[in-house]
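Source file work.txt; content: compact mmCIF, C-alpha atoms.
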# COMPACT_ATOMS: atom_id res chain seq x y z
CA MET A 6 0.00 0.00 0.00
CA SER A 7 1.43 3.35 -1.05
CA ILE A 8 1.19 6.57 0.95
CA GLN A 9 0.83 8.30 -2.42
CA THR A 10 -2.76 7.07 -2.70
CA HIS A 11 -3.77 8.88 0.50
CA GLN A 12 -4.74 12.47 1.21
CA SER A 13 -4.44 12.15 4.99
CA TYR A 14 -1.52 10.68 6.90
CA ARG A 15 -3.92 9.59 9.66
CA THR A 16 -5.92 7.50 7.15
CA TYR A 17 -2.66 6.01 5.90
CA LEU A 18 -1.63 5.01 9.42
CA ARG A 19 -5.03 3.42 10.06
CA ASN A 20 -4.73 1.53 6.77
CA VAL A 21 -1.31 0.23 7.79
CA MET A 22 -2.82 -0.94 11.09
CA SER A 23 -5.74 -2.54 9.31
CA GLU A 24 -3.54 -4.47 6.87
CA LYS A 25 -1.34 -5.75 9.69
CA ALA A 26 -4.40 -6.73 11.72
CA GLN A 27 -5.80 -8.68 8.76
CA ARG A 28 -2.54 -10.65 8.54
CA ASN A 29 -2.31 -11.02 12.32
CA PRO A 30 -5.57 -10.67 14.30
CA LYS A 31 -3.54 -10.04 17.47
CA PHE A 32 -2.01 -6.87 16.00
CA SER A 33 -3.45 -3.92 17.93
CA LEU A 34 -3.03 -0.21 18.56
CA ARG A 35 -0.49 -1.13 21.20
CA ALA A 36 1.49 -3.18 18.67
CA MET A 37 1.37 -0.30 16.16
CA ALA A 38 2.60 2.13 18.84
CA LEU A 39 5.45 -0.24 19.68
CA LEU A 40 6.39 -0.42 16.00
CA LEU A 41 6.47 3.37 15.76
CA GLY A 42 8.24 3.84 19.09
CA VAL A 43 5.53 5.91 20.83
CA ALA A 44 3.05 5.43 23.64
CA PRO A 45 -0.32 3.88 22.67
CA SER A 46 -2.15 6.86 24.21
CA PHE A 47 -0.16 9.26 22.04
CA LEU A 48 -0.84 7.29 18.86
CA SER A 49 -4.54 7.10 19.75
CA THR A 50 -4.82 10.90 20.04
CA VAL A 51 -3.02 11.33 16.71
CA LEU A 52 -5.31 8.89 14.89
CA LYS A 53 -8.39 10.59 16.37
CA GLY A 54 -7.16 13.99 15.16
CA ASP A 55 -6.77 15.38 18.68
CA LYS A 56 -3.04 15.83 18.28
CA ASN A 57 -0.73 16.53 15.32
CA LEU A 58 2.64 15.01 14.61
CA SER A 59 5.69 17.26 14.69
CA PHE A 60 7.98 17.34 11.66
CA GLU A 61 10.60 15.40 13.63
CA MET A 62 8.05 12.79 14.67
CA ALA A 63 6.83 12.50 11.07
CA ASN A 64 10.34 11.67 9.91
CA ARG A 65 10.67 9.09 12.68
CA PHE A 66 7.35 7.46 11.71
CA ALA A 67 8.40 7.39 8.05
CA GLU A 68 11.65 5.68 8.99
CA LYS A 69 9.90 3.11 11.21
CA LEU A 70 7.44 2.35 8.41
CA GLY A 71 10.27 1.82 5.93
CA LEU A 72 9.17 4.55 3.51
CA ASN A 73 11.52 5.48 0.68
CA ASP A 74 12.67 9.08 0.20
CA SER A 75 9.78 10.05 -2.09
CA ASP A 76 7.12 8.50 0.16
CA ARG A 77 8.74 10.00 3.26
CA ASP A 78 8.61 13.48 1.72
CA TYR A 79 4.94 12.99 0.80
CA PHE A 80 4.12 11.70 4.30
CA CYS A 81 5.81 14.71 5.90
CA LEU A 82 4.00 17.05 3.50
CA LEU A 83 0.65 15.62 4.64
CA VAL A 84 1.69 16.02 8.27
CA GLN A 85 2.74 19.62 7.71
CA LYS A 86 -0.51 20.42 5.86
CA GLU A 87 -2.69 19.13 8.69
CA ALA A 88 -0.60 20.73 11.43
CA THR A 89 -0.45 24.32 10.13
CA LYS A 90 -3.02 26.82 11.37
CA ASP A 91 -2.16 29.48 8.78
CA PRO A 92 -4.90 29.29 6.11
CA ASN A 93 -2.63 30.67 3.37
CA LEU A 94 0.14 28.23 4.19
CA ARG A 95 -2.36 25.40 4.41
CA GLU A 96 -3.69 26.19 0.93
CA SER A 97 -0.14 26.37 -0.40
CA LEU A 98 0.67 22.97 1.11
CA ALA A 99 -2.60 21.54 -0.21
CA GLU A 100 -1.58 22.67 -3.68
CA LYS A 101 1.77 20.89 -3.24
CA VAL A 102 -0.13 17.75 -2.28
CA ARG A 103 -2.28 18.05 -5.41
CA LEU A 104 0.81 18.51 -7.57
CA ALA A 105 2.56 15.58 -5.92
CA ASN A 106 -0.48 13.36 -6.34
CA PRO A 107 -3.01 14.78 -8.84
CA ASN A 108 -5.39 11.84 -8.41
CA HIS A 109 -5.60 11.89 -4.62
CA THR A 110 -9.11 13.36 -4.66
CA ASP A 111 -10.43 10.83 -7.19
CA LEU A 112 -13.38 9.20 -5.42
CA SER A 113 -13.58 6.32 -7.92
CA VAL A 114 -11.02 4.46 -5.80
CA GLU A 115 -13.16 5.03 -2.70
CA HIS A 116 -16.29 3.80 -4.49
CA PHE A 117 -14.38 0.66 -5.50
CA LYS A 118 -13.42 0.05 -1.87
CA VAL A 119 -17.04 0.47 -0.73
CA ILE A 120 -18.36 -1.98 -3.30
CA SER A 121 -15.58 -4.53 -2.75
CA ASN A 122 -15.83 -4.67 1.06
CA PRO A 123 -19.09 -5.98 2.62
CA LEU A 124 -18.23 -4.17 5.87
CA HIS A 125 -19.46 -0.89 4.36
CA PHE A 126 -22.89 -2.38 3.65
CA SER A 127 -23.01 -3.88 7.15
CA ILE A 128 -22.26 -0.48 8.69
CA LEU A 129 -24.88 1.28 6.55
CA SER A 130 -27.49 -1.24 7.68
CA ALA A 131 -26.38 -1.24 11.33
CA THR A 132 -26.93 2.52 11.61
CA THR A 133 -30.66 1.84 11.16
CA LEU A 134 -30.96 -0.73 13.98
CA THR A 135 -33.66 0.08 16.52
CA GLY A 136 -32.20 1.81 19.59
CA PHE A 137 -28.63 1.33 18.40
CA GLU A 138 -26.15 4.18 18.96
CA ALA A 139 -23.69 3.83 16.10
CA THR A 140 -20.12 4.74 16.98
CA ALA A 141 -16.88 3.20 15.76
CA LYS A 142 -16.61 1.25 19.03
CA SER A 143 -20.22 0.01 19.12
CA LEU A 144 -20.14 -0.94 15.42
CA ALA A 145 -16.89 -2.87 15.85
CA HIS A 146 -18.42 -4.79 18.75
CA ALA A 147 -21.74 -5.47 17.00
CA LEU A 148 -20.16 -6.57 13.72
CA ALA A 149 -17.26 -8.45 15.36
CA VAL A 150 -14.51 -6.70 13.40
CA PRO A 151 -11.45 -4.70 14.54
CA GLN A 152 -12.29 -1.09 15.40
CA VAL A 153 -9.54 0.23 13.11
CA GLU A 154 -11.32 -1.36 10.12
CA VAL A 155 -14.60 0.22 11.15
CA GLU A 156 -12.96 3.64 11.52
CA LEU A 157 -11.53 3.41 8.00
CA ALA A 158 -14.90 2.37 6.59
CA LEU A 159 -16.69 5.19 8.43
CA GLU A 160 -14.22 7.73 7.11
CA ARG A 161 -14.77 6.45 3.58
CA LEU A 162 -18.57 6.49 3.88
CA GLU A 163 -18.45 10.03 5.27
CA SER A 164 -16.26 11.23 2.41
CA LEU A 165 -18.80 9.79 -0.04
CA GLU A 166 -21.63 11.48 1.93
CA MET A 167 -23.36 8.16 2.61
CA ILE A 168 -23.41 8.65 6.38
CA GLU A 169 -23.13 11.58 8.77
CA LYS A 170 -23.05 12.22 12.50
CA ASN A 171 -26.22 13.46 14.15
CA GLU A 172 -26.33 16.12 16.88
CA ARG A 173 -25.65 13.43 19.52
CA GLY A 174 -22.48 12.28 17.75
CA PHE A 175 -23.87 8.98 16.41
CA TYR A 176 -23.64 7.92 12.77
CA GLU A 177 -26.74 7.88 10.59
CA LYS A 178 -27.24 6.65 7.04
CA VAL A 179 -28.20 9.44 4.65
CA LYS A 180 -28.15 7.41 1.41
CA ALA A 181 -29.64 4.01 0.62
CA ASN A 182 -27.35 1.01 0.25
CA PRO A 183 -26.00 1.04 -3.31
CA ARG A 184 -27.51 -1.68 -5.53
CA VAL A 185 -24.70 -2.91 -7.79
CA VAL A 186 -25.35 -5.17 -10.78
CA SER A 187 -22.85 -6.16 -13.45
CA GLN A 188 -23.07 -8.79 -16.19
CA SER A 189 -19.39 -8.43 -17.07
CA PRO A 190 -16.35 -9.40 -14.96
CA ASN A 191 -15.99 -6.86 -12.17
CA GLN A 192 -13.08 -7.00 -9.72
CA ALA A 193 -14.88 -5.12 -6.94
CA LEU A 194 -17.96 -7.36 -7.10
CA ARG A 195 -15.82 -10.51 -7.22
CA LYS A 196 -14.03 -9.40 -4.06
CA PHE A 197 -17.34 -8.55 -2.38
CA HIS A 198 -18.86 -11.96 -3.12
CA ARG A 199 -15.70 -13.82 -2.04
CA GLU A 200 -15.85 -12.13 1.35
CA THR A 201 -19.59 -12.66 1.85
CA LEU A 202 -19.27 -16.33 0.87
CA THR A 203 -16.47 -16.70 3.43
CA LYS A 204 -18.81 -15.30 6.09
CA ALA A 205 -21.53 -17.70 4.93
CA ILE A 206 -19.13 -20.63 5.38
CA ASP A 207 -18.21 -19.38 8.86
CA SER A 208 -21.90 -19.20 9.80
CA LEU A 209 -22.21 -22.96 9.21
CA GLU A 210 -20.07 -23.52 12.30
CA THR A 211 -20.94 -20.49 14.43
CA GLN A 212 -24.72 -20.01 14.03
CA SER A 213 -27.57 -22.28 15.05
CA PRO A 214 -30.32 -23.40 12.62
CA GLN A 215 -32.65 -20.92 14.36
CA GLU A 216 -30.35 -18.03 13.40
CA LYS A 217 -30.00 -18.71 9.68
CA VAL A 218 -31.86 -19.94 6.61
CA ILE A 219 -29.76 -22.13 4.32
CA GLY A 220 -30.90 -24.41 1.52
CA SER A 221 -29.94 -25.45 -1.99
CA GLU A 222 -31.20 -27.32 -5.05
CA THR A 223 -29.30 -28.82 -7.96
CA PHE A 224 -31.11 -29.24 -11.30
CA THR A 225 -30.65 -29.05 -15.07
CA ILE A 226 -31.75 -26.14 -17.27
CA ASP A 227 -31.59 -24.85 -20.82
CA GLU A 228 -28.91 -22.14 -21.09
CA SER A 229 -31.48 -19.88 -22.74
CA GLN A 230 -33.29 -19.71 -19.36
CA ILE A 231 -30.44 -17.99 -17.51
CA GLU A 232 -31.90 -14.53 -18.09
CA ASP A 233 -35.26 -15.75 -16.73
CA PHE A 234 -33.53 -16.98 -13.57
CA ARG A 235 -31.76 -13.60 -13.24
CA LYS A 236 -35.13 -11.81 -13.38
CA LEU A 237 -36.54 -14.26 -10.83
CA ALA A 238 -33.63 -13.49 -8.47
CA ASP A 239 -34.22 -9.73 -8.86
CA GLU A 240 -37.90 -10.20 -8.03
CA PHE A 241 -36.97 -12.20 -4.94
CA PHE A 242 -34.55 -9.51 -3.74
CA ASP A 243 -37.22 -6.84 -4.22
CA ARG A 244 -39.77 -8.86 -2.23
CA ALA A 245 -37.21 -9.57 0.51
CA LEU A 246 -36.43 -5.85 0.84
CA LEU A 247 -40.13 -5.03 1.09
CA LEU A 248 -40.51 -7.65 3.82
CA ALA A 249 -37.53 -6.18 5.70
CA LYS A 250 -39.07 -2.72 5.56
CA LYS A 251 -42.15 -4.04 7.36
CA SER A 252 -40.04 -4.89 10.44
CA LYS A 253 -41.39 -2.98 13.43
CA LYS A 254 -38.05 -3.35 15.21
CA LYS A 255 -34.72 -3.75 13.46
CA THR A 256 -32.60 -5.79 15.86
CA GLN A 257 -30.01 -7.56 13.66
CA VAL A 258 -28.03 -7.05 10.46
CA TYR A 259 -28.44 -9.91 7.97
CA HIS A 260 -27.01 -10.64 4.52
CA LEU A 261 -29.05 -12.35 1.81
CA GLY A 262 -27.14 -13.96 -1.04
CA ILE A 263 -28.13 -16.09 -4.02
CA GLN A 264 -25.69 -18.42 -5.78
CA PHE A 265 -26.69 -19.85 -9.14
CA PHE A 266 -23.75 -21.20 -11.12
CA ASN A 267 -22.70 -23.89 -13.57
CA LEU A 268 -21.66 -27.25 -12.07
CA SER A 269 -20.87 -28.83 -15.45
CA PRO A 270 -18.60 -26.38 -17.32
CA ASN A 271 -16.80 -29.18 -19.17
CA LEU A 272 -19.94 -30.23 -21.04
CA LYS A 273 -19.46 -27.37 -23.49
CA SER A 274 -15.95 -28.47 -24.41
CA SER A 275 -16.99 -32.12 -24.73
CA LYS A 276 -19.84 -31.14 -27.08
CA ARG A 277 -17.42 -29.19 -29.25
CA LYS A 278 -15.10 -32.20 -29.48
CA LYS A 279 -17.93 -34.48 -30.64
CA SER A 280 -19.08 -32.04 -33.30
Output the file's structure in the form of C-alpha cells.
Amino acid sequence: MSIQTHQSYRTYLRNVMSEKAQRNPKFSLRAMALLLGVAPSFLSTVLKGDKNLSFEMANRFAEKLGLNDSDRDYFCLLVQKEATKDPNLRESLAEKVRLANPNHTDLSVEHFKVISNPLHFSILSATTLTGFEATAKSLAHALAVPQVEVELALERLESLEMIEKNERGFYEKVKANPRVVSQSPNQALRKFHRETLTKAIDSLETQSPQEKVIGSETFTIDESQIEDFRKLADEFFDRALLLAKKSKKKTQVYHLGIQFFNLSPNLKSSKRKKS
C-alpha cells in the first residue's frame, strides 16, 4: 500500500494498522505504537485527530514504516498540511499535495473500496438498527470486526456522503445502500462476493439453525433460461427488501445472497469435441 494514494496521513496510518491486523488478528493499537516507538495513548490521540505530529516525529514514523525518500517526503508534507493553522500556508501545502499526487481526490477508488468490502454495507445497515447508537466502538463490537477497520470504513462512507453524524455524535445513514449489478467481470464485485461467501461458510459452524436460513437445489436447465432466472432473483430480492421494511423493530443485520452457477462447465468443451 502506497502513501501516495492517501490524502491524509492519519488515514494512511489506520490503513497500515488494518492491513497488519488482517494478517495477524492479534495486531493492535499497542502493537502499532510499539512499531512506531511511541506510547499507545499518544498514537490514539493522533489517529483521532486530537493531536498533530511534529515534523521530527513525522520523519521518525516514516523511517519506522520503511518509507523510501519520495514517500517519506509525501508523508511529511501531509503532516505539515494538517498541522499548520495558517490558512494561506495550508492552501499552499494543499496545492503541493495536489501537484505531488493529482489523483488523490479521485473518489472512484473510494467507491471501488465500498463496493468490494461488505463491511461498508453492514455499517450502513447497522446505523438503522432500533435503539442502536452507532459509533466506531459500538459498530466494531456489534459486527465483530477490529475497530480500526470500522474507523476506515466510516471515514470512507463520510467522504462519499453516505453517512453523517447526528447532533448526539452517532452515525446515521443518509443514502440508501448502493444496488450494484454487473453482467461483465468486475473485480470489486468478485471481491465482495468472495468475502460474503467466506462469512456464509463461517456461519455454518458459528450459528444455530434458528439463526439462519440455508438451503440449496441442484437441477438441469436450458442455457437460454439464464436470463429468466436472473429476473426471478431480482424479483426475490425486491420482495425480501419489502418484507424487511415491514419490520417494526430492526434488531439484527443480515445478509441475503443467491448463488446460481454452472456445475458442469466441461460439457461445453466435450460437445465441441464431438461435433
Given all atoms listed in the file as the basis, pick out the residue of A:Glu96, A:Val153, A:Thr10, A:Tyr176 nearest to Asp76 in chain A.
A:Thr10
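Straight-line separation from CA of Ala141 in chain A to CA of Ala63 in chain A: 25.9 Å.
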Could you pull the residues within 10 Å of range 213-226 of chain A, counting only C-alpha atoms, minus those fewer than 4 positions along the same chain, as an MDAnalysis selection string?
chainID A and resid 205 208:209 230:231 259 261 263:269
Separation of CA of Gln257 in chain A from CA of Ala145 in chain A in Å:
14.1 Å
Fewer than 2 positions away in the same chain doesn't count, so skip those; otherwise give me all residues within 12 Å of Phe47 in chain A, counting all atoms listed in the file, as a ChimeraX atom specification.
/A:34-35,37-39,41-45,49-58,62
Nearby residues, (-28.5, 6.2, 11.7) file frame, 9 Å, only C-alpha atoms, as number ranges by chain
A: 129-134, 137-139, 168-171, 175-179
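Distances to Leu246 in chain A were evaluated for A:His260, A:Phe66, A:Tyr17, A:Phe197 using all atoms listed in the file, and the minimum falls at A:His260.
Of the residues listed (A:Gln12, A:Thr256, A:Gln152, A:Asn122), A:Asn122 shows the shortest atom-to-atom separation from His198 in chain A; distances use only C-alpha atoms.
Here CA of Thr140 in chain A is placed at a distance of 17.5 Å from CA of Thr16 in chain A.
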Between A:Asp91, A:Glu156, A:Asp239, A:Glu61, single out the one closest to Arg77 in chain A, counting only C-alpha atoms.
A:Glu61
Residues near range 24-31 of chain A, anyone? I mean within 9 Å using all atoms listed in the file, not counting same-chain ones fewer than 2 positions away, as a list of chain:residue names.
A:Met6, A:Arg19, A:Asn20, A:Val21, A:Met22, A:Ser33, A:Ala36, A:Met37, A:Pro151, A:Val153, A:Glu154
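Among the candidates A:Asp227, A:Asp233, A:Glu160, A:Glu100, the residue lying nearest to Lys86 in chain A is A:Glu100 (atoms considered: all atoms listed in the file).
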Of the candidates A:Val258, A:Ala193, A:Pro92, A:Leu72, which one gets nearest to Phe126 in chain A if we count only C-alpha atoms?
A:Val258
Can you take range 248-261 of chain A from the block and write C-alpha atoms as a JSON list (two decimals), in the first residue's frame?
[["chain", "number", "residue", "atom", "x", "y", "z"],
["A", 248, "LEU", "CA", -40.51, -7.65, 3.82],
["A", 249, "ALA", "CA", -37.53, -6.18, 5.70],
["A", 250, "LYS", "CA", -39.07, -2.72, 5.56],
["A", 251, "LYS", "CA", -42.15, -4.04, 7.36],
["A", 252, "SER", "CA", -40.04, -4.89, 10.44],
["A", 253, "LYS", "CA", -41.39, -2.98, 13.43],
["A", 254, "LYS", "CA", -38.05, -3.35, 15.21],
["A", 255, "LYS", "CA", -34.72, -3.75, 13.46],
["A", 256, "THR", "CA", -32.60, -5.79, 15.86],
["A", 257, "GLN", "CA", -30.01, -7.56, 13.66],
["A", 258, "VAL", "CA", -28.03, -7.05, 10.46],
["A", 259, "TYR", "CA", -28.44, -9.91, 7.97],
["A", 260, "HIS", "CA", -27.01, -10.64, 4.52],
["A", 261, "LEU", "CA", -29.05, -12.35, 1.81]]
